[in-house]
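Text of query-v8.cif, listed as mmCIF, N, CA and C atoms:
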```
data_protein
#
loop_
_atom_site.label_atom_id
_atom_site.label_comp_id
_atom_site.auth_asym_id
_atom_site.auth_seq_id
_atom_site.Cartn_x
_atom_site.Cartn_y
_atom_site.Cartn_z
N MET A 68 0.82 -1.19 0.00
CA MET A 68 0.00 0.00 0.00
C MET A 68 0.86 1.25 0.00
N PHE A 69 1.78 1.38 0.94
CA PHE A 69 2.60 2.57 1.08
C PHE A 69 3.99 2.25 0.58
N SER A 70 4.23 2.46 -0.69
CA SER A 70 5.48 2.04 -1.31
C SER A 70 6.51 3.15 -1.29
N MET A 71 7.63 2.88 -0.63
CA MET A 71 8.72 3.86 -0.61
C MET A 71 9.26 4.08 -2.01
N GLU A 72 9.21 3.04 -2.84
CA GLU A 72 9.72 3.17 -4.20
C GLU A 72 8.95 4.23 -4.97
N ASN A 73 7.65 4.25 -4.83
CA ASN A 73 6.84 5.25 -5.52
C ASN A 73 7.10 6.64 -4.98
N ILE A 74 7.22 6.75 -3.68
CA ILE A 74 7.42 8.06 -3.08
C ILE A 74 8.80 8.60 -3.43
N ASP A 75 9.83 7.75 -3.43
CA ASP A 75 11.16 8.25 -3.78
C ASP A 75 11.19 8.75 -5.22
N ARG A 76 10.52 8.05 -6.10
CA ARG A 76 10.45 8.50 -7.50
C ARG A 76 9.67 9.80 -7.62
N LYS A 77 8.60 9.90 -6.86
CA LYS A 77 7.76 11.10 -6.90
C LYS A 77 8.55 12.32 -6.44
N ILE A 78 9.25 12.20 -5.31
CA ILE A 78 10.04 13.32 -4.80
C ILE A 78 11.11 13.71 -5.81
N SER A 79 11.81 12.73 -6.33
CA SER A 79 12.86 12.99 -7.31
C SER A 79 12.30 13.69 -8.55
N GLY A 80 11.19 13.18 -9.06
CA GLY A 80 10.58 13.77 -10.25
C GLY A 80 10.09 15.19 -10.02
N LEU A 81 9.45 15.41 -8.89
CA LEU A 81 8.95 16.76 -8.59
C LEU A 81 10.11 17.74 -8.41
N ARG A 82 11.16 17.30 -7.74
CA ARG A 82 12.33 18.16 -7.52
C ARG A 82 12.97 18.52 -8.85
N LYS A 83 13.17 17.52 -9.69
CA LYS A 83 13.78 17.77 -11.00
C LYS A 83 12.88 18.64 -11.87
N GLY A 84 11.57 18.47 -11.73
CA GLY A 84 10.62 19.29 -12.47
C GLY A 84 10.69 20.76 -12.09
N LYS A 85 11.15 21.03 -10.89
CA LYS A 85 11.32 22.41 -10.42
C LYS A 85 12.75 22.89 -10.68
N ASN A 86 13.55 22.08 -11.38
CA ASN A 86 14.96 22.41 -11.64
C ASN A 86 15.70 22.76 -10.35
N MET A 87 15.47 21.94 -9.34
CA MET A 87 16.04 22.17 -8.03
C MET A 87 17.02 21.06 -7.71
N THR A 88 18.16 21.42 -7.14
CA THR A 88 19.11 20.39 -6.73
C THR A 88 18.67 19.81 -5.39
N GLN A 89 19.24 18.68 -5.04
CA GLN A 89 18.95 18.08 -3.74
C GLN A 89 19.35 19.04 -2.62
N MET A 90 20.48 19.71 -2.78
CA MET A 90 20.97 20.66 -1.78
C MET A 90 20.01 21.84 -1.64
N GLU A 91 19.50 22.34 -2.75
CA GLU A 91 18.55 23.46 -2.69
C GLU A 91 17.29 23.07 -1.95
N LEU A 92 16.79 21.87 -2.21
CA LEU A 92 15.59 21.40 -1.51
C LEU A 92 15.87 21.26 -0.02
N ALA A 93 17.01 20.69 0.32
CA ALA A 93 17.38 20.54 1.74
C ALA A 93 17.48 21.90 2.41
N ASP A 94 18.11 22.86 1.75
CA ASP A 94 18.25 24.21 2.31
C ASP A 94 16.88 24.86 2.50
N LYS A 95 16.03 24.71 1.50
CA LYS A 95 14.68 25.31 1.55
C LYS A 95 13.88 24.76 2.73
N MET A 96 14.11 23.48 3.05
CA MET A 96 13.35 22.83 4.12
C MET A 96 14.08 22.86 5.46
N SER A 97 15.28 23.44 5.48
CA SER A 97 16.09 23.50 6.70
C SER A 97 16.35 22.10 7.28
N ILE A 98 16.76 21.20 6.39
CA ILE A 98 17.09 19.84 6.80
C ILE A 98 18.52 19.53 6.35
N SER A 99 19.06 18.42 6.82
CA SER A 99 20.42 18.07 6.45
C SER A 99 20.50 17.75 4.96
N PHE A 100 21.66 18.02 4.39
CA PHE A 100 21.83 17.80 2.95
C PHE A 100 21.76 16.32 2.59
N GLN A 101 21.94 15.41 3.56
CA GLN A 101 21.88 13.98 3.29
C GLN A 101 20.44 13.46 3.20
N ALA A 102 19.50 14.19 3.77
CA ALA A 102 18.12 13.71 3.85
C ALA A 102 17.50 13.48 2.47
N VAL A 103 17.62 14.46 1.59
CA VAL A 103 16.95 14.36 0.28
C VAL A 103 17.47 13.18 -0.54
N PRO A 104 18.81 13.00 -0.67
CA PRO A 104 19.26 11.82 -1.42
C PRO A 104 18.79 10.51 -0.78
N ASN A 105 18.72 10.48 0.54
CA ASN A 105 18.21 9.27 1.21
C ASN A 105 16.76 9.01 0.86
N TRP A 106 15.95 10.06 0.79
CA TRP A 106 14.55 9.90 0.39
C TRP A 106 14.49 9.36 -1.04
N GLU A 107 15.28 9.97 -1.92
CA GLU A 107 15.21 9.63 -3.34
C GLU A 107 15.78 8.24 -3.65
N ARG A 108 16.61 7.73 -2.78
CA ARG A 108 17.12 6.36 -2.95
C ARG A 108 16.23 5.34 -2.24
N GLY A 109 15.24 5.82 -1.50
CA GLY A 109 14.35 4.93 -0.77
C GLY A 109 14.94 4.41 0.52
N ASN A 110 16.02 5.04 1.00
CA ASN A 110 16.64 4.62 2.26
C ASN A 110 15.87 5.13 3.48
N SER A 111 15.14 6.21 3.29
CA SER A 111 14.32 6.76 4.37
C SER A 111 13.19 7.55 3.73
N MET A 112 12.28 8.01 4.56
CA MET A 112 11.16 8.80 4.08
C MET A 112 11.12 10.11 4.83
N PRO A 113 10.51 11.13 4.23
CA PRO A 113 10.39 12.40 4.94
C PRO A 113 9.56 12.22 6.21
N ASP A 114 9.92 12.96 7.22
CA ASP A 114 9.12 12.98 8.44
C ASP A 114 7.72 13.45 8.07
N ILE A 115 6.73 12.84 8.66
CA ILE A 115 5.35 13.20 8.33
C ILE A 115 5.06 14.67 8.58
N ALA A 116 5.75 15.27 9.54
CA ALA A 116 5.57 16.69 9.83
C ALA A 116 6.10 17.58 8.71
N LYS A 117 6.97 17.04 7.87
CA LYS A 117 7.55 17.81 6.76
C LYS A 117 6.73 17.70 5.48
N LEU A 118 5.76 16.79 5.43
CA LEU A 118 4.99 16.60 4.21
C LEU A 118 4.24 17.85 3.75
N PRO A 119 3.60 18.62 4.66
CA PRO A 119 2.93 19.84 4.17
C PRO A 119 3.90 20.83 3.53
N GLU A 120 5.06 20.99 4.13
CA GLU A 120 6.07 21.91 3.57
C GLU A 120 6.57 21.40 2.21
N LEU A 121 6.82 20.11 2.13
CA LEU A 121 7.29 19.51 0.89
C LEU A 121 6.23 19.66 -0.21
N ALA A 122 4.99 19.41 0.14
CA ALA A 122 3.89 19.56 -0.83
C ALA A 122 3.77 21.01 -1.30
N GLN A 123 3.94 21.95 -0.37
CA GLN A 123 3.85 23.37 -0.72
C GLN A 123 4.98 23.76 -1.68
N ILE A 124 6.19 23.30 -1.41
CA ILE A 124 7.32 23.61 -2.28
C ILE A 124 7.07 23.10 -3.70
N PHE A 125 6.53 21.90 -3.80
CA PHE A 125 6.28 21.29 -5.12
C PHE A 125 4.94 21.68 -5.72
N GLU A 126 4.13 22.42 -4.96
CA GLU A 126 2.80 22.86 -5.41
C GLU A 126 1.91 21.69 -5.77
N VAL A 127 1.88 20.69 -4.87
CA VAL A 127 1.00 19.53 -5.02
C VAL A 127 0.31 19.30 -3.67
N THR A 128 -0.68 18.42 -3.67
CA THR A 128 -1.32 18.07 -2.41
C THR A 128 -0.46 17.02 -1.70
N ILE A 129 -0.70 16.85 -0.42
CA ILE A 129 0.02 15.82 0.33
C ILE A 129 -0.32 14.44 -0.24
N ASP A 130 -1.56 14.25 -0.65
CA ASP A 130 -1.95 12.97 -1.23
C ASP A 130 -1.21 12.70 -2.55
N GLU A 131 -1.07 13.73 -3.37
CA GLU A 131 -0.30 13.56 -4.62
C GLU A 131 1.15 13.22 -4.30
N LEU A 132 1.69 13.88 -3.32
CA LEU A 132 3.08 13.65 -2.92
C LEU A 132 3.28 12.22 -2.44
N SER A 133 2.30 11.70 -1.72
CA SER A 133 2.40 10.34 -1.17
C SER A 133 1.89 9.28 -2.14
N CYS A 134 1.68 9.68 -3.39
CA CYS A 134 1.20 8.76 -4.43
C CYS A 134 -0.14 8.11 -4.06
N GLY A 135 -0.98 8.86 -3.40
CA GLY A 135 -2.31 8.36 -3.04
C GLY A 135 -2.35 7.54 -1.77
N ALA A 136 -1.23 7.34 -1.11
CA ALA A 136 -1.19 6.49 0.08
C ALA A 136 -2.01 7.08 1.23
N ILE A 137 -2.00 8.39 1.37
CA ILE A 137 -2.75 9.03 2.46
C ILE A 137 -4.25 8.76 2.27
N LEU A 138 -4.73 8.89 1.04
CA LEU A 138 -6.14 8.62 0.75
C LEU A 138 -6.49 7.17 1.03
N LYS A 139 -5.61 6.25 0.65
CA LYS A 139 -5.85 4.82 0.89
C LYS A 139 -5.92 4.53 2.38
N ILE A 140 -5.02 5.11 3.14
CA ILE A 140 -5.03 4.92 4.60
C ILE A 140 -6.32 5.47 5.19
N LYS A 141 -6.72 6.65 4.73
CA LYS A 141 -7.95 7.27 5.21
C LYS A 141 -9.16 6.36 4.92
N GLN A 142 -9.20 5.79 3.72
CA GLN A 142 -10.30 4.90 3.36
C GLN A 142 -10.30 3.63 4.21
N LEU A 143 -9.12 3.11 4.50
CA LEU A 143 -9.04 1.91 5.35
C LEU A 143 -9.54 2.20 6.76
N ILE A 144 -9.29 3.40 7.24
CA ILE A 144 -9.74 3.78 8.58
C ILE A 144 -11.25 4.02 8.58
N GLU A 145 -11.75 4.69 7.55
CA GLU A 145 -13.17 5.06 7.52
C GLU A 145 -14.09 3.88 7.28
N LYS A 146 -13.63 2.88 6.55
CA LYS A 146 -14.49 1.74 6.22
C LYS A 146 -15.00 1.03 7.47
N PRO A 147 -14.12 0.64 8.42
CA PRO A 147 -14.64 -0.01 9.63
C PRO A 147 -15.50 0.92 10.48
N ILE A 148 -15.17 2.20 10.47
CA ILE A 148 -15.96 3.16 11.25
C ILE A 148 -17.36 3.25 10.68
N ALA A 149 -17.47 3.30 9.35
CA ALA A 149 -18.80 3.35 8.72
C ALA A 149 -19.59 2.07 9.03
N PHE A 150 -18.91 0.93 9.00
CA PHE A 150 -19.57 -0.33 9.30
C PHE A 150 -20.08 -0.34 10.74
N LEU A 151 -19.22 0.06 11.66
CA LEU A 151 -19.61 0.08 13.08
C LEU A 151 -20.70 1.09 13.36
N SER A 152 -20.64 2.24 12.68
CA SER A 152 -21.64 3.28 12.94
C SER A 152 -23.02 2.86 12.47
N SER A 153 -23.09 1.89 11.57
CA SER A 153 -24.42 1.42 11.14
C SER A 153 -25.06 0.54 12.23
N TYR A 154 -24.25 0.03 13.16
CA TYR A 154 -24.75 -0.79 14.25
C TYR A 154 -24.75 -0.07 15.59
N TYR A 155 -23.87 0.87 15.73
CA TYR A 155 -23.73 1.61 16.99
C TYR A 155 -23.76 3.10 16.69
N PHE A 156 -24.13 3.87 17.67
CA PHE A 156 -24.13 5.31 17.50
C PHE A 156 -22.76 5.84 17.90
N ILE A 157 -21.94 6.07 16.91
CA ILE A 157 -20.57 6.56 17.16
C ILE A 157 -20.53 8.03 16.82
#
```
Go ahead and express the file in the form of structure tokens.
Amino acid sequence: MFSMENIDRKISGLRKGKNMTQMELADKMSISFQAVPNWERGNSMPDIAKLPELAQIFEVTIDELSCGAILKIKQLIEKPIAFLSSYYFI
């Protein structure tokens, strides 16, 4: 569901689409210069608290940035809640 491979490609593609170097992105986000290459190689992922800033820099939604993973997670959470709410008053 939540593929680091897709997210690393997405970050790399969006960064290159903005003609931005890895160092420029790191500087813009006030993070270490090693973080961005690690994201793009799939060795790590951006901290969830950094996703809104990253999405703003790339002018995309957080869901687009996460390749739809946020929406999928939301749907997985809402499905059992909808089922339970039909039987219980939640």
Quick one, how far is atom CA of A:Gln89 from atom CA of A:Pro104?
6.7 Å
Which value, in Å to one decimal, gives the distance between atom CA of A:Glu107 and atom CA of A:Asn73?
9.7 Å
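What the PyMOL selection byres (((chain A and resi 124 and name CA) around 12) and name CA) matches in the given file is Ile78, Leu81, Arg82, Gly84, Lys85, Met87, Glu91, Leu92, Ala93, Asp94, Lys95, Met96, Lys117, Leu118, Pro119, Glu120, Leu121, Ala122, Gln123, Phe125, Glu126, Val127, Thr128, Ile129 and Leu132 of chain A.
In this comparison, which uses only N, CA and C atoms, the residue of A:Met90, A:Glu145, A:Asp130, A:Asp75 approaching A:Asn110 most closely is A:Asp75.
Between A:Ile74 and the candidates A:Ala116, A:Ser97, A:Ile144, A:Trp106, the tightest atom-to-atom separation, counting all atoms listed in the file, involves A:Trp106.
Take atom N of A:Lys146 and atom N of A:Ile115: the distance between them is 22.8 Å.
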Hey, what does DSSP flag as alpha helix (DSSP H) within stretch 83-146 of chain A? Can you give it to me as a ChimeraX atom specification?
/A:83-84,89-96,102-108,118-125,129-132,136-146
